[in-house]
Structure formats: structure tokens, C-alpha cells
>>> print(open('my_file.cif').read())   # mmCIF, C-alpha atoms
data_structure
#
loop_
_atom_site.group_PDB
_atom_site.id
_atom_site.type_symbol
_atom_site.label_atom_id
_atom_site.label_comp_id
_atom_site.auth_asym_id
_atom_site.auth_seq_id
_atom_site.Cartn_x
_atom_site.Cartn_y
_atom_site.Cartn_z
ATOM 1 C CA MET L 293 -74.221 -31.816 -17.560
ATOM 2 C CA TYR L 294 -74.325 -35.635 -17.364
ATOM 3 C CA PRO L 295 -77.104 -37.335 -19.379
ATOM 4 C CA HIS L 296 -78.872 -38.702 -16.259
ATOM 5 C CA ALA L 297 -78.600 -35.298 -14.560
ATOM 6 C CA ARG L 298 -80.202 -33.670 -17.608
ATOM 7 C CA ALA L 299 -83.052 -36.214 -17.522
ATOM 8 C CA VAL L 300 -83.627 -35.637 -13.803
ATOM 9 C CA HIS L 301 -83.601 -31.874 -14.372
ATOM 10 C CA GLU L 302 -86.134 -32.193 -17.207
ATOM 11 C CA ILE L 303 -88.446 -34.314 -15.060
ATOM 12 C CA THR L 304 -88.206 -32.122 -11.979
ATOM 13 C CA SER L 305 -88.548 -28.840 -13.861
ATOM 14 C CA ARG L 306 -92.026 -29.945 -14.965
ATOM 15 C CA LEU L 307 -93.182 -30.932 -11.478
ATOM 16 C CA PRO L 308 -95.464 -28.709 -9.450
ATOM 17 C CA ALA L 309 -94.143 -26.564 -6.621
ATOM 18 C CA ALA L 310 -95.792 -29.001 -4.178
ATOM 19 C CA PHE L 311 -93.297 -31.707 -5.136
ATOM 20 C CA HIS L 312 -90.360 -29.361 -4.672
ATOM 21 C CA ALA L 313 -91.715 -28.377 -1.240
ATOM 22 C CA PHE L 314 -92.194 -32.053 -0.331
ATOM 23 C CA HIS L 315 -88.679 -32.880 -1.519
ATOM 24 C CA GLU L 316 -87.133 -30.020 0.434
ATOM 25 C CA ARG L 317 -89.117 -30.857 3.562
ATOM 26 C CA TYR L 318 -88.435 -34.608 3.707
ATOM 27 C CA LEU L 319 -85.200 -35.349 1.841
ATOM 28 C CA LEU L 320 -82.917 -34.978 4.856
ATOM 29 C CA THR L 321 -85.225 -36.944 7.146
ATOM 30 C CA TYR L 322 -85.612 -39.760 4.649
ATOM 31 C CA ARG L 323 -81.834 -39.914 4.215
ATOM 32 C CA GLU L 324 -81.192 -39.955 7.980
ATOM 33 C CA TYR L 325 -83.756 -42.698 8.508
ATOM 34 C CA ALA L 326 -82.405 -44.781 5.606
ATOM 35 C CA GLU L 327 -78.820 -44.331 6.789
ATOM 36 C CA LEU L 328 -79.775 -45.414 10.297
ATOM 37 C CA GLN L 329 -81.304 -48.593 8.888
ATOM 38 C CA LEU L 330 -78.690 -49.348 6.222
ATOM 39 C CA GLN L 331 -75.552 -48.036 8.007
ATOM 40 C CA ASP L 332 -74.186 -46.844 4.675
ATOM 41 C CA GLU L 333 -74.460 -43.155 3.814
ATOM 42 C CA ARG L 334 -73.898 -43.514 0.069
ATOM 43 C CA LEU L 335 -76.348 -46.395 -0.228
ATOM 44 C CA ALA L 336 -78.924 -44.467 1.814
ATOM 45 C CA HIS L 337 -78.536 -41.394 -0.402
ATOM 46 C CA ARG L 338 -78.887 -43.454 -3.589
ATOM 47 C CA LEU L 339 -81.932 -45.282 -2.237
ATOM 48 C CA VAL L 340 -83.667 -42.076 -1.120
ATOM 49 C CA ASP L 341 -82.837 -40.337 -4.387
ATOM 50 C CA GLN L 342 -84.483 -43.256 -6.215
ATOM 51 C CA VAL L 343 -87.518 -43.061 -3.913
ATOM 52 C CA MET L 344 -87.795 -39.333 -4.649
ATOM 53 C CA ARG L 345 -87.551 -39.998 -8.399
ATOM 54 C CA ASP L 346 -90.268 -42.650 -8.071
ATOM 55 C CA LEU L 347 -92.444 -40.237 -6.112
ATOM 56 C CA ALA L 348 -91.843 -37.543 -8.724
ATOM 57 C CA SER L 349 -92.824 -39.841 -11.583
ATOM 58 C CA SER L 350 -96.064 -40.818 -9.834
ATOM 59 C CA TRP L 351 -96.726 -37.467 -8.160
ATOM 60 C CA THR L 352 -100.272 -37.040 -9.493
ATOM 61 C CA ARG L 353 -101.259 -40.513 -8.307
ATOM 62 C CA LEU L 354 -99.576 -39.926 -4.929
ATOM 63 C CA MET L 355 -101.524 -36.689 -4.460
ATOM 64 C CA SER L 356 -104.772 -38.562 -5.043
ATOM 65 C CA GLU L 357 -104.061 -40.765 -2.013
ATOM 66 C CA PRO L 358 -106.044 -39.928 1.139
ATOM 67 C CA ALA L 359 -102.779 -39.387 3.039
ATOM 68 C CA PRO L 360 -99.948 -38.673 0.563
ATOM 69 C CA GLU L 361 -97.274 -38.330 3.271
ATOM 70 C CA ALA L 362 -98.246 -41.711 4.723
ATOM 71 C CA ALA L 363 -98.084 -43.290 1.268
ATOM 72 C CA ALA L 364 -94.668 -41.730 0.602
ATOM 73 C CA TRP L 365 -93.396 -42.905 4.008
ATOM 74 C CA ALA L 366 -94.625 -46.424 3.225
ATOM 75 C CA ILE L 367 -92.783 -46.362 -0.111
ATOM 76 C CA LEU L 368 -89.569 -45.346 1.666
ATOM 77 C CA LYS L 369 -89.965 -48.116 4.255
ATOM 78 C CA ILE L 370 -90.682 -50.740 1.586
ATOM 79 C CA SER L 371 -87.633 -49.608 -0.397
ATOM 80 C CA ILE L 372 -85.401 -49.868 2.672
ATOM 81 C CA SER L 373 -86.828 -53.271 3.547
ATOM 82 C CA GLU L 374 -86.271 -54.566 0.014
ATOM 83 C CA GLU L 375 -82.689 -53.256 0.007
ATOM 84 C CA LEU L 376 -81.983 -54.911 3.345
ATOM 85 C CA GLU L 377 -83.451 -58.168 2.089
ATOM 86 C CA ARG L 378 -81.423 -57.975 -1.162
ATOM 87 C CA ARG L 379 -78.266 -57.587 0.888
ATOM 88 C CA GLY L 380 -79.232 -60.245 3.441
ATOM 89 C CA MET L 381 -79.166 -57.648 6.197
ATOM 90 C CA LYS L 382 -81.387 -56.738 9.128
ATOM 91 C CA PRO L 383 -82.096 -53.166 10.172
ATOM 92 C CA ALA L 384 -78.929 -51.844 11.762
ATOM 93 C CA LEU L 385 -80.752 -50.302 14.700
ATOM 94 C CA THR L 386 -80.552 -53.590 16.548
ATOM 95 C CA THR L 387 -76.774 -53.585 16.412
ATOM 96 C CA VAL L 388 -74.112 -51.685 18.255
ATOM 97 C CA ALA L 389 -73.794 -49.483 15.165
ATOM 98 C CA ALA L 390 -77.063 -47.786 16.112
ATOM 99 C CA PHE L 391 -75.708 -47.156 19.573
ATOM 100 C CA ARG L 392 -72.697 -45.414 18.040
ATOM 101 C CA ARG L 393 -74.926 -43.482 15.614
ATOM 102 C CA ALA L 394 -77.015 -41.925 18.389
ATOM 103 C CA SER L 395 -75.419 -38.939 19.975
ATOM 104 C CA ARG L 396 -74.680 -38.814 23.678
ATOM 105 C CA HIS L 397 -77.033 -35.831 23.922
ATOM 106 C CA THR L 398 -79.921 -37.814 22.436
ATOM 107 C CA LEU L 399 -79.332 -40.687 24.814
ATOM 108 C CA GLU L 400 -79.218 -38.386 27.813
ATOM 109 C CA ALA L 401 -82.385 -36.602 26.698
ATOM 110 C CA ALA L 402 -84.234 -39.911 26.338
ATOM 111 C CA ARG L 403 -82.992 -41.371 29.616
ATOM 112 C CA PRO L 404 -85.432 -39.677 32.030
ATOM 113 C CA GLN L 405 -88.386 -40.664 29.888
ATOM 114 C CA PHE L 406 -87.820 -44.342 30.546
ATOM 115 C CA ALA L 407 -87.988 -45.173 34.239
ATOM 116 C CA ALA L 408 -86.458 -48.606 33.744
ATOM 117 C CA LEU L 409 -83.603 -47.468 31.514
ATOM 118 C CA GLU L 410 -80.140 -48.427 32.754
ATOM 119 C CA SER L 411 -78.536 -49.359 29.477
ATOM 120 C CA SER L 412 -78.782 -47.333 26.283
ATOM 121 C CA LEU L 413 -78.020 -50.445 24.286
ATOM 122 C CA GLY L 414 -80.927 -52.145 26.082
ATOM 123 C CA LEU L 415 -83.131 -49.272 24.976
ATOM 124 C CA PHE L 416 -82.204 -49.778 21.320
ATOM 125 C CA THR L 417 -82.839 -53.504 21.624
ATOM 126 C CA ALA L 418 -86.218 -52.800 23.235
ATOM 127 C CA ILE L 419 -87.062 -50.274 20.511
ATOM 128 C CA SER L 420 -86.189 -52.825 17.833
ATOM 129 C CA HIS L 421 -88.893 -55.153 19.225
ATOM 130 C CA LEU L 422 -91.671 -52.558 18.899
ATOM 131 C CA PRO L 423 -94.449 -52.812 16.310
ATOM 132 C CA GLU L 424 -93.605 -50.909 13.124
ATOM 133 C CA ARG L 425 -95.413 -47.608 13.778
ATOM 134 C CA GLN L 426 -94.249 -47.398 17.395
ATOM 135 C CA PHE L 427 -90.721 -48.158 16.208
ATOM 136 C CA ASP L 428 -90.853 -45.367 13.627
ATOM 137 C CA VAL L 429 -92.128 -42.818 16.139
ATOM 138 C CA MET L 430 -89.453 -43.678 18.704
ATOM 139 C CA VAL L 431 -86.617 -43.642 16.164
ATOM 140 C CA LEU L 432 -87.767 -40.418 14.549
ATOM 141 C CA GLN L 433 -88.206 -38.634 17.878
ATOM 142 C CA PHE L 434 -85.530 -39.998 20.185
ATOM 143 C CA VAL L 435 -82.809 -41.044 17.768
ATOM 144 C CA LEU L 436 -83.202 -38.529 14.939
ATOM 145 C CA GLY L 437 -84.623 -35.712 17.080
ATOM 146 C CA TYR L 438 -87.833 -34.792 15.270
ATOM 147 C CA THR L 439 -90.780 -33.255 17.115
ATOM 148 C CA PRO L 440 -94.068 -35.124 17.419
ATOM 149 C CA GLN L 441 -95.692 -32.641 15.013
ATOM 150 C CA GLN L 442 -92.944 -33.162 12.424
ATOM 151 C CA ILE L 443 -93.371 -36.928 12.793
ATOM 152 C CA ALA L 444 -97.141 -36.652 12.362
ATOM 153 C CA ASP L 445 -96.668 -34.588 9.209
ATOM 154 C CA MET L 446 -94.047 -36.954 7.820
ATOM 155 C CA MET L 447 -96.007 -40.128 8.523
ATOM 156 C CA GLY L 448 -99.294 -38.579 7.404
ATOM 157 C CA VAL L 449 -101.071 -39.176 10.711
ATOM 158 C CA GLU L 450 -102.630 -37.027 13.425
ATOM 159 C CA LEU L 451 -100.500 -35.659 16.261
ATOM 160 C CA ALA L 452 -102.656 -37.634 18.708
ATOM 161 C CA THR L 453 -101.724 -40.829 16.850
ATOM 162 C CA VAL L 454 -98.014 -40.074 17.243
ATOM 163 C CA ARG L 455 -98.526 -39.416 20.952
ATOM 164 C CA SER L 456 -100.494 -42.641 21.312
ATOM 165 C CA HIS L 457 -97.782 -44.670 19.542
ATOM 166 C CA ARG L 458 -95.147 -43.032 21.755
ATOM 167 C CA MET L 459 -97.093 -43.812 24.935
ATOM 168 C CA MET L 460 -97.669 -47.439 23.920
ATOM 169 C CA ALA L 461 -94.000 -47.767 22.945
ATOM 170 C CA ARG L 462 -92.833 -46.392 26.293
ATOM 171 C CA THR L 463 -95.057 -48.871 28.100
ATOM 172 C CA ARG L 464 -93.686 -51.791 26.073
ATOM 173 C CA ILE L 465 -90.100 -50.628 26.477
ATOM 174 C CA ALA L 466 -90.477 -50.193 30.234
ATOM 175 C CA ARG L 467 -92.048 -53.649 30.485
ATOM 176 C CA GLU L 468 -89.190 -55.172 28.454
ATOM 177 C CA LEU L 469 -86.445 -53.413 30.404
ATOM 178 C CA ARG L 470 -87.938 -53.831 33.881
ATOM 179 C CA PRO L 471 -87.168 -57.566 34.353
ATOM 180 C CA ARG L 472 -83.510 -56.983 33.521
ATOM 181 C CA ASN L 473 -83.324 -54.199 36.077
ATOM 182 C CA ILE L 474 -85.019 -56.280 38.766
ATOM 183 C CA LEU L 475 -82.685 -59.212 38.134
ATOM 184 C CA ARG L 476 -79.638 -56.935 38.165
ATOM 185 C CA ALA L 477 -80.746 -55.361 41.473
ATOM 186 C CA GLU L 478 -81.255 -58.811 43.022
ATOM 187 C CA GLU L 479 -77.754 -59.879 41.935
ATOM 188 C CA GLU L 480 -76.288 -56.827 43.658
ATOM 189 C CA ASP L 481 -77.989 -57.654 46.992
#
>>> encode(input="my_file.cif", output="C-alpha cells")
Amino acid sequence: MYPHARAVHEITSRLPAAFHAFHERYLLTYREYAELQLQDERLAHRLVDQVMRDLASSWTRLMSEPAPEAAAWAILKISISEELERRGMKPALTTVAAFRRASRHTLEAARPQFAALESSLGLFTAISHLPERQFDVMVLQFVLGYTPQQIADMMGVELATVRSHRMMARTRIARELRPRNILRAEEED
């Protein structure tokens, strides 16, 4: 066993079952979200593993927060943002790489929910302009495929809050995409 692996094992073996449940529940989601932002699987895994170690080392303090899941989600987002800044990068969702990352099935499933949607790339650009919470909800649901209840649990908010963010995001996205569609239709006439 490598020395760092032994240290991690010693730390995690002393943690309560609640941490292990948290880790099992959110590790994959955190990695998917980080990979979507960073466009580098190994970097995303390392970053999320470090976030999980940080959460483990401050588990008692995290559990004293009014909304531990929300605090953990914020730590993940801050870590991703700092990594992007260190590398002089912007979130990859705004690039064509995000378009490639999303499966055709996900795009087709999201299409009817946006009346003004003609271009999937336009959708990702519109999503990238959303306020932070609306952005997270849309990415988690329509790009990564999580249910509203899973998103609420992960972000540490009520289901109604997720639905509200989704509704506001749809309105903003439709408003952003609509002028392009109107102009395109006029050009075709």
C-alpha cells in the first residue's frame, strides 16, 4: 500500500458512516460536473478527490452547517473555479467541447422543452449566460441527467427551489434564443 493511500485509509476508516454515504452518493456526480467544466477527466478526478478529502477532514464542521449538501456543493464549485483560474481557463461548457460531451439523447430530450430551440450549441451558449444557480440546475438536469429531486438533495435546497430555478432559466433561455430564431426566419422569407 502506498504511503498516501495508507494515510487516506486511516482517515476514512475513522469517519462516520454518514461521510461514507455522502461520498458514495455524490462522488460520481461531482466528478461528472467537474469534468464537464474542466474538460479533463484525470484533473477532474484529482480535484474531486481533494474536495472529498477536504470534506472528510472537516466533516464535523460541515455537519454543523444548516445545509451541509449546499456547503459541500459550494466547496466543489469554488475548487473548480480556482482550478480554472489557475489554468487561465473558462468553464468548458461555453465551448464546442460541451456540445460534444452531451449525448444526442440528452439533446433530443431537452429540445421540446425549449420552444425557441433550433441550435443545440445555441442552447449551451444560452445556458452559459444564466445566473449560477440556474446554470447548475440546467447542467445537472439536462446535460448530466439528474432528476430535480436528486439536484435538490445535492445542492441542499428544496425541490420547489430547483423547479423555480429551472422555470426562470427556461424563460431566460427562450428570451435569449428567440431573437436569433426571428432573425433567421426573416432571412428565409
>>> atom_distance(input="my_file.cif", atom1="atom CA of L:Gly448", atom2="atom CA of L:Glu361")
4.6 Å
>>> closest_residue(input="my_file.cif", among="L:Gln426, L:Gly437, L:Ala418, L:Leu451", to="L:Ile465", atoms="only C-alpha atoms")
L:Ala418
>>> residues_near_point(input="my_file.cif", point="(-92.3, -47.5, 14.9)", cutoff="12 Å", atoms="all atoms listed in the file", output="PyMOL selection string")
chain L and resi 325+365-366+369+385+418-435+443+447+453-462
>>> residues_around(input="my_file.cif", residues="L:Met355", least_positions_apart="6", cutoff="12 Å", atoms="all atoms listed in the file", output="list of chain:residue names")
L:Pro308, L:Ala310, L:Phe311, L:Phe314, L:Leu347, L:Ala348, L:Ser349, L:Glu361, L:Ala362, L:Ala363, L:Ala364
>>> residues_near_point(input="my_file.cif", point="(-81.5, -45.8, 4.8)", cutoff="12 Å", atoms="all atoms listed in the file", output="PyMOL selection string")
chain L and resi 319-343+368-376+382-385
>>> write_last_selection(input="my_file.cif", atoms="C-alpha atoms", output="PDB file, in the frame of the given file")
ATOM      1  CA  LEU L 319     -85.200 -35.349   1.841  1.00  0.00           C
ATOM      2  CA  LEU L 320     -82.917 -34.978   4.856  1.00  0.00           C
ATOM      3  CA  THR L 321     -85.225 -36.944   7.146  1.00  0.00           C
ATOM      4  CA  TYR L 322     -85.612 -39.760   4.649  1.00  0.00           C
ATOM      5  CA  ARG L 323     -81.834 -39.914   4.215  1.00  0.00           C
ATOM      6  CA  GLU L 324     -81.192 -39.955   7.980  1.00  0.00           C
ATOM      7  CA  TYR L 325     -83.756 -42.698   8.508  1.00  0.00           C
ATOM      8  CA  ALA L 326     -82.405 -44.781   5.606  1.00  0.00           C
ATOM      9  CA  GLU L 327     -78.820 -44.331   6.789  1.00  0.00           C
ATOM     10  CA  LEU L 328     -79.775 -45.414  10.297  1.00  0.00           C
ATOM     11  CA  GLN L 329     -81.304 -48.593   8.888  1.00  0.00           C
ATOM     12  CA  LEU L 330     -78.690 -49.348   6.222  1.00  0.00           C
ATOM     13  CA  GLN L 331     -75.552 -48.036   8.007  1.00  0.00           C
ATOM     14  CA  ASP L 332     -74.186 -46.844   4.675  1.00  0.00           C
ATOM     15  CA  GLU L 333     -74.460 -43.155   3.814  1.00  0.00           C
ATOM     16  CA  ARG L 334     -73.898 -43.514   0.069  1.00  0.00           C
ATOM     17  CA  LEU L 335     -76.348 -46.395  -0.228  1.00  0.00           C
ATOM     18  CA  ALA L 336     -78.924 -44.467   1.814  1.00  0.00           C
ATOM     19  CA  HIS L 337     -78.536 -41.394  -0.402  1.00  0.00           C
ATOM     20  CA  ARG L 338     -78.887 -43.454  -3.589  1.00  0.00           C
ATOM     21  CA  LEU L 339     -81.932 -45.282  -2.237  1.00  0.00           C
ATOM     22  CA  VAL L 340     -83.667 -42.076  -1.120  1.00  0.00           C
ATOM     23  CA  ASP L 341     -82.837 -40.337  -4.387  1.00  0.00           C
ATOM     24  CA  GLN L 342     -84.483 -43.256  -6.215  1.00  0.00           C
ATOM     25  CA  VAL L 343     -87.518 -43.061  -3.913  1.00  0.00           C
ATOM     26  CA  LEU L 368     -89.569 -45.346   1.666  1.00  0.00           C
ATOM     27  CA  LYS L 369     -89.965 -48.116   4.255  1.00  0.00           C
ATOM     28  CA  ILE L 370     -90.682 -50.740   1.586  1.00  0.00           C
ATOM     29  CA  SER L 371     -87.633 -49.608  -0.397  1.00  0.00           C
ATOM     30  CA  ILE L 372     -85.401 -49.868   2.672  1.00  0.00           C
ATOM     31  CA  SER L 373     -86.828 -53.271   3.547  1.00  0.00           C
ATOM     32  CA  GLU L 374     -86.271 -54.566   0.014  1.00  0.00           C
ATOM     33  CA  GLU L 375     -82.689 -53.256   0.007  1.00  0.00           C
ATOM     34  CA  LEU L 376     -81.983 -54.911   3.345  1.00  0.00           C
ATOM     35  CA  LYS L 382     -81.387 -56.738   9.128  1.00  0.00           C
ATOM     36  CA  PRO L 383     -82.096 -53.166  10.172  1.00  0.00           C
ATOM     37  CA  ALA L 384     -78.929 -51.844  11.762  1.00  0.00           C
ATOM     38  CA  LEU L 385     -80.752 -50.302  14.700  1.00  0.00           C
TER      39      LEU L 385
END
>>> atom_distance(input="my_file.cif", atom1="atom CA of L:Glu316", atom2="atom CA of L:Met344")
10.6 Å
>>> atom_distance(input="my_file.cif", atom1="atom CA of L:Leu354", atom2="atom CA of L:Arg378")
25.9 Å
>>> closest_residue(input="my_file.cif", among="L:Glu450, L:Asp346, L:Glu468, L:Asp445", to="L:Ile367", atoms="only C-alpha atoms")
L:Asp346
>>> axis_aligned_box(input="my_file.cif", around="stretch 351-367 of chain L", padding_each_side="6 Å", output="JSON")
{"center_x": -99.4, "center_y": -41.6, "center_z": -2.4, "size_x": 25.3, "size_y": 21.7, "size_z": 26.2}
>>> decode(input="my_file.cif", residues="stretch 438-449 of chain L", atoms="all heavy atoms", output="PDB file, in the first residue's frame")
ATOM      1  N   TYR L 438     -29.656  14.306 -14.143  1.00  0.00           N
ATOM      2  CA  TYR L 438     -30.163  14.083 -12.800  1.00  0.00           C
ATOM      3  C   TYR L 438     -31.599  14.578 -12.674  1.00  0.00           C
ATOM      4  O   TYR L 438     -32.007  15.508 -13.358  1.00  0.00           O
ATOM      5  CB  TYR L 438     -29.262  14.753 -11.753  1.00  0.00           C
ATOM      6  CG  TYR L 438     -27.934  14.055 -11.671  1.00  0.00           C
ATOM      7  CD1 TYR L 438     -26.844  14.509 -12.403  1.00  0.00           C
ATOM      8  CD2 TYR L 438     -27.792  12.904 -10.914  1.00  0.00           C
ATOM      9  CE1 TYR L 438     -25.637  13.837 -12.360  1.00  0.00           C
ATOM     10  CE2 TYR L 438     -26.583  12.228 -10.873  1.00  0.00           C
ATOM     11  CZ  TYR L 438     -25.519  12.701 -11.601  1.00  0.00           C
ATOM     12  OH  TYR L 438     -24.335  12.030 -11.567  1.00  0.00           O
ATOM     13  N   THR L 439     -32.355  13.955 -11.782  1.00  0.00           N
ATOM     14  CA  THR L 439     -33.746  14.359 -11.561  1.00  0.00           C
ATOM     15  C   THR L 439     -33.777  15.614 -10.695  1.00  0.00           C
ATOM     16  O   THR L 439     -32.814  15.889  -9.956  1.00  0.00           O
ATOM     17  CB  THR L 439     -34.538  13.249 -10.843  1.00  0.00           C
ATOM     18  OG1 THR L 439     -34.031  13.107  -9.510  1.00  0.00           O
ATOM     19  CG2 THR L 439     -34.484  11.932 -11.607  1.00  0.00           C
ATOM     20  N   PRO L 440     -34.873  16.348 -10.744  1.00  0.00           N
ATOM     21  CA  PRO L 440     -34.979  17.529  -9.879  1.00  0.00           C
ATOM     22  C   PRO L 440     -34.781  17.193  -8.401  1.00  0.00           C
ATOM     23  O   PRO L 440     -34.142  17.959  -7.674  1.00  0.00           O
ATOM     24  CB  PRO L 440     -36.392  18.046 -10.166  1.00  0.00           C
ATOM     25  CG  PRO L 440     -36.625  17.633 -11.598  1.00  0.00           C
ATOM     26  CD  PRO L 440     -35.991  16.274 -11.702  1.00  0.00           C
ATOM     27  N   GLN L 441     -35.300  16.051  -7.940  1.00  0.00           N
ATOM     28  CA  GLN L 441     -35.127  15.687  -6.535  1.00  0.00           C
ATOM     29  C   GLN L 441     -33.653  15.409  -6.214  1.00  0.00           C
ATOM     30  O   GLN L 441     -33.148  15.829  -5.177  1.00  0.00           O
ATOM     31  CB  GLN L 441     -35.970  14.466  -6.169  1.00  0.00           C
ATOM     32  CG  GLN L 441     -35.916  14.131  -4.684  1.00  0.00           C
ATOM     33  CD  GLN L 441     -36.429  15.262  -3.808  1.00  0.00           C
ATOM     34  OE1 GLN L 441     -37.578  15.673  -3.926  1.00  0.00           O
ATOM     35  NE2 GLN L 441     -35.576  15.802  -2.935  1.00  0.00           N
ATOM     36  N   GLN L 442     -32.958  14.741  -7.114  1.00  0.00           N
ATOM     37  CA  GLN L 442     -31.527  14.486  -6.896  1.00  0.00           C
ATOM     38  C   GLN L 442     -30.755  15.807  -6.848  1.00  0.00           C
ATOM     39  O   GLN L 442     -29.847  15.969  -6.045  1.00  0.00           O
ATOM     40  CB  GLN L 442     -30.965  13.600  -8.004  1.00  0.00           C
ATOM     41  CG  GLN L 442     -31.446  12.167  -7.957  1.00  0.00           C
ATOM     42  CD  GLN L 442     -31.048  11.377  -9.194  1.00  0.00           C
ATOM     43  OE1 GLN L 442     -31.137  11.862 -10.321  1.00  0.00           O
ATOM     44  NE2 GLN L 442     -30.613  10.137  -8.979  1.00  0.00           N
ATOM     45  N   ILE L 443     -31.130  16.737  -7.712  1.00  0.00           N
ATOM     46  CA  ILE L 443     -30.471  18.046  -7.744  1.00  0.00           C
ATOM     47  C   ILE L 443     -30.734  18.794  -6.443  1.00  0.00           C
ATOM     48  O   ILE L 443     -29.817  19.384  -5.864  1.00  0.00           O
ATOM     49  CB  ILE L 443     -30.935  18.863  -8.964  1.00  0.00           C
ATOM     50  CG1 ILE L 443     -30.521  18.158 -10.255  1.00  0.00           C
ATOM     51  CG2 ILE L 443     -30.404  20.291  -8.907  1.00  0.00           C
ATOM     52  CD1 ILE L 443     -31.223  18.686 -11.498  1.00  0.00           C
ATOM     53  N   ALA L 444     -31.969  18.762  -5.981  1.00  0.00           N
ATOM     54  CA  ALA L 444     -32.316  19.429  -4.716  1.00  0.00           C
ATOM     55  C   ALA L 444     -31.488  18.859  -3.576  1.00  0.00           C
ATOM     56  O   ALA L 444     -30.928  19.612  -2.765  1.00  0.00           O
ATOM     57  CB  ALA L 444     -33.810  19.275  -4.437  1.00  0.00           C
ATOM     58  N   ASP L 445     -31.397  17.533  -3.518  1.00  0.00           N
ATOM     59  CA  ASP L 445     -30.607  16.891  -2.467  1.00  0.00           C
ATOM     60  C   ASP L 445     -29.145  17.306  -2.558  1.00  0.00           C
ATOM     61  O   ASP L 445     -28.517  17.645  -1.549  1.00  0.00           O
ATOM     62  CB  ASP L 445     -30.714  15.370  -2.563  1.00  0.00           C
ATOM     63  CG  ASP L 445     -32.105  14.846  -2.255  1.00  0.00           C
ATOM     64  OD1 ASP L 445     -32.927  15.595  -1.676  1.00  0.00           O
ATOM     65  OD2 ASP L 445     -32.376  13.683  -2.617  1.00  0.00           O
ATOM     66  N   MET L 446     -28.602  17.269  -3.770  1.00  0.00           N
ATOM     67  CA  MET L 446     -27.191  17.563  -3.977  1.00  0.00           C
ATOM     68  C   MET L 446     -26.857  19.012  -3.630  1.00  0.00           C
ATOM     69  O   MET L 446     -25.832  19.292  -3.010  1.00  0.00           O
ATOM     70  CB  MET L 446     -26.832  17.289  -5.434  1.00  0.00           C
ATOM     71  CG  MET L 446     -25.391  17.454  -5.773  1.00  0.00           C
ATOM     72  SD  MET L 446     -25.085  17.166  -7.517  1.00  0.00           S
ATOM     73  CE  MET L 446     -26.378  16.058  -7.992  1.00  0.00           C
ATOM     74  N   MET L 447     -27.715  19.926  -4.045  1.00  0.00           N
ATOM     75  CA  MET L 447     -27.456  21.347  -3.815  1.00  0.00           C
ATOM     76  C   MET L 447     -27.902  21.803  -2.423  1.00  0.00           C
ATOM     77  O   MET L 447     -27.631  22.931  -2.024  1.00  0.00           O
ATOM     78  CB  MET L 447     -28.136  22.183  -4.899  1.00  0.00           C
ATOM     79  CG  MET L 447     -27.518  21.995  -6.282  1.00  0.00           C
ATOM     80  SD  MET L 447     -28.366  22.905  -7.598  1.00  0.00           S
ATOM     81  CE  MET L 447     -28.041  24.592  -7.118  1.00  0.00           C
ATOM     82  N   GLY L 448     -28.609  20.929  -1.712  1.00  0.00           N
ATOM     83  CA  GLY L 448     -29.061  21.282  -0.369  1.00  0.00           C
ATOM     84  C   GLY L 448     -30.171  22.305  -0.363  1.00  0.00           C
ATOM     85  O   GLY L 448     -30.222  23.167   0.507  1.00  0.00           O
ATOM     86  N   VAL L 449     -31.067  22.221  -1.351  1.00  0.00           N
ATOM     87  CA  VAL L 449     -32.196  23.144  -1.443  1.00  0.00           C
ATOM     88  C   VAL L 449     -33.491  22.348  -1.567  1.00  0.00           C
ATOM     89  O   VAL L 449     -33.473  21.138  -1.766  1.00  0.00           O
ATOM     90  CB  VAL L 449     -32.050  24.114  -2.644  1.00  0.00           C
ATOM     91  CG1 VAL L 449     -30.803  24.978  -2.491  1.00  0.00           C
ATOM     92  CG2 VAL L 449     -32.021  23.367  -3.965  1.00  0.00           C
TER      93      VAL L 449
END
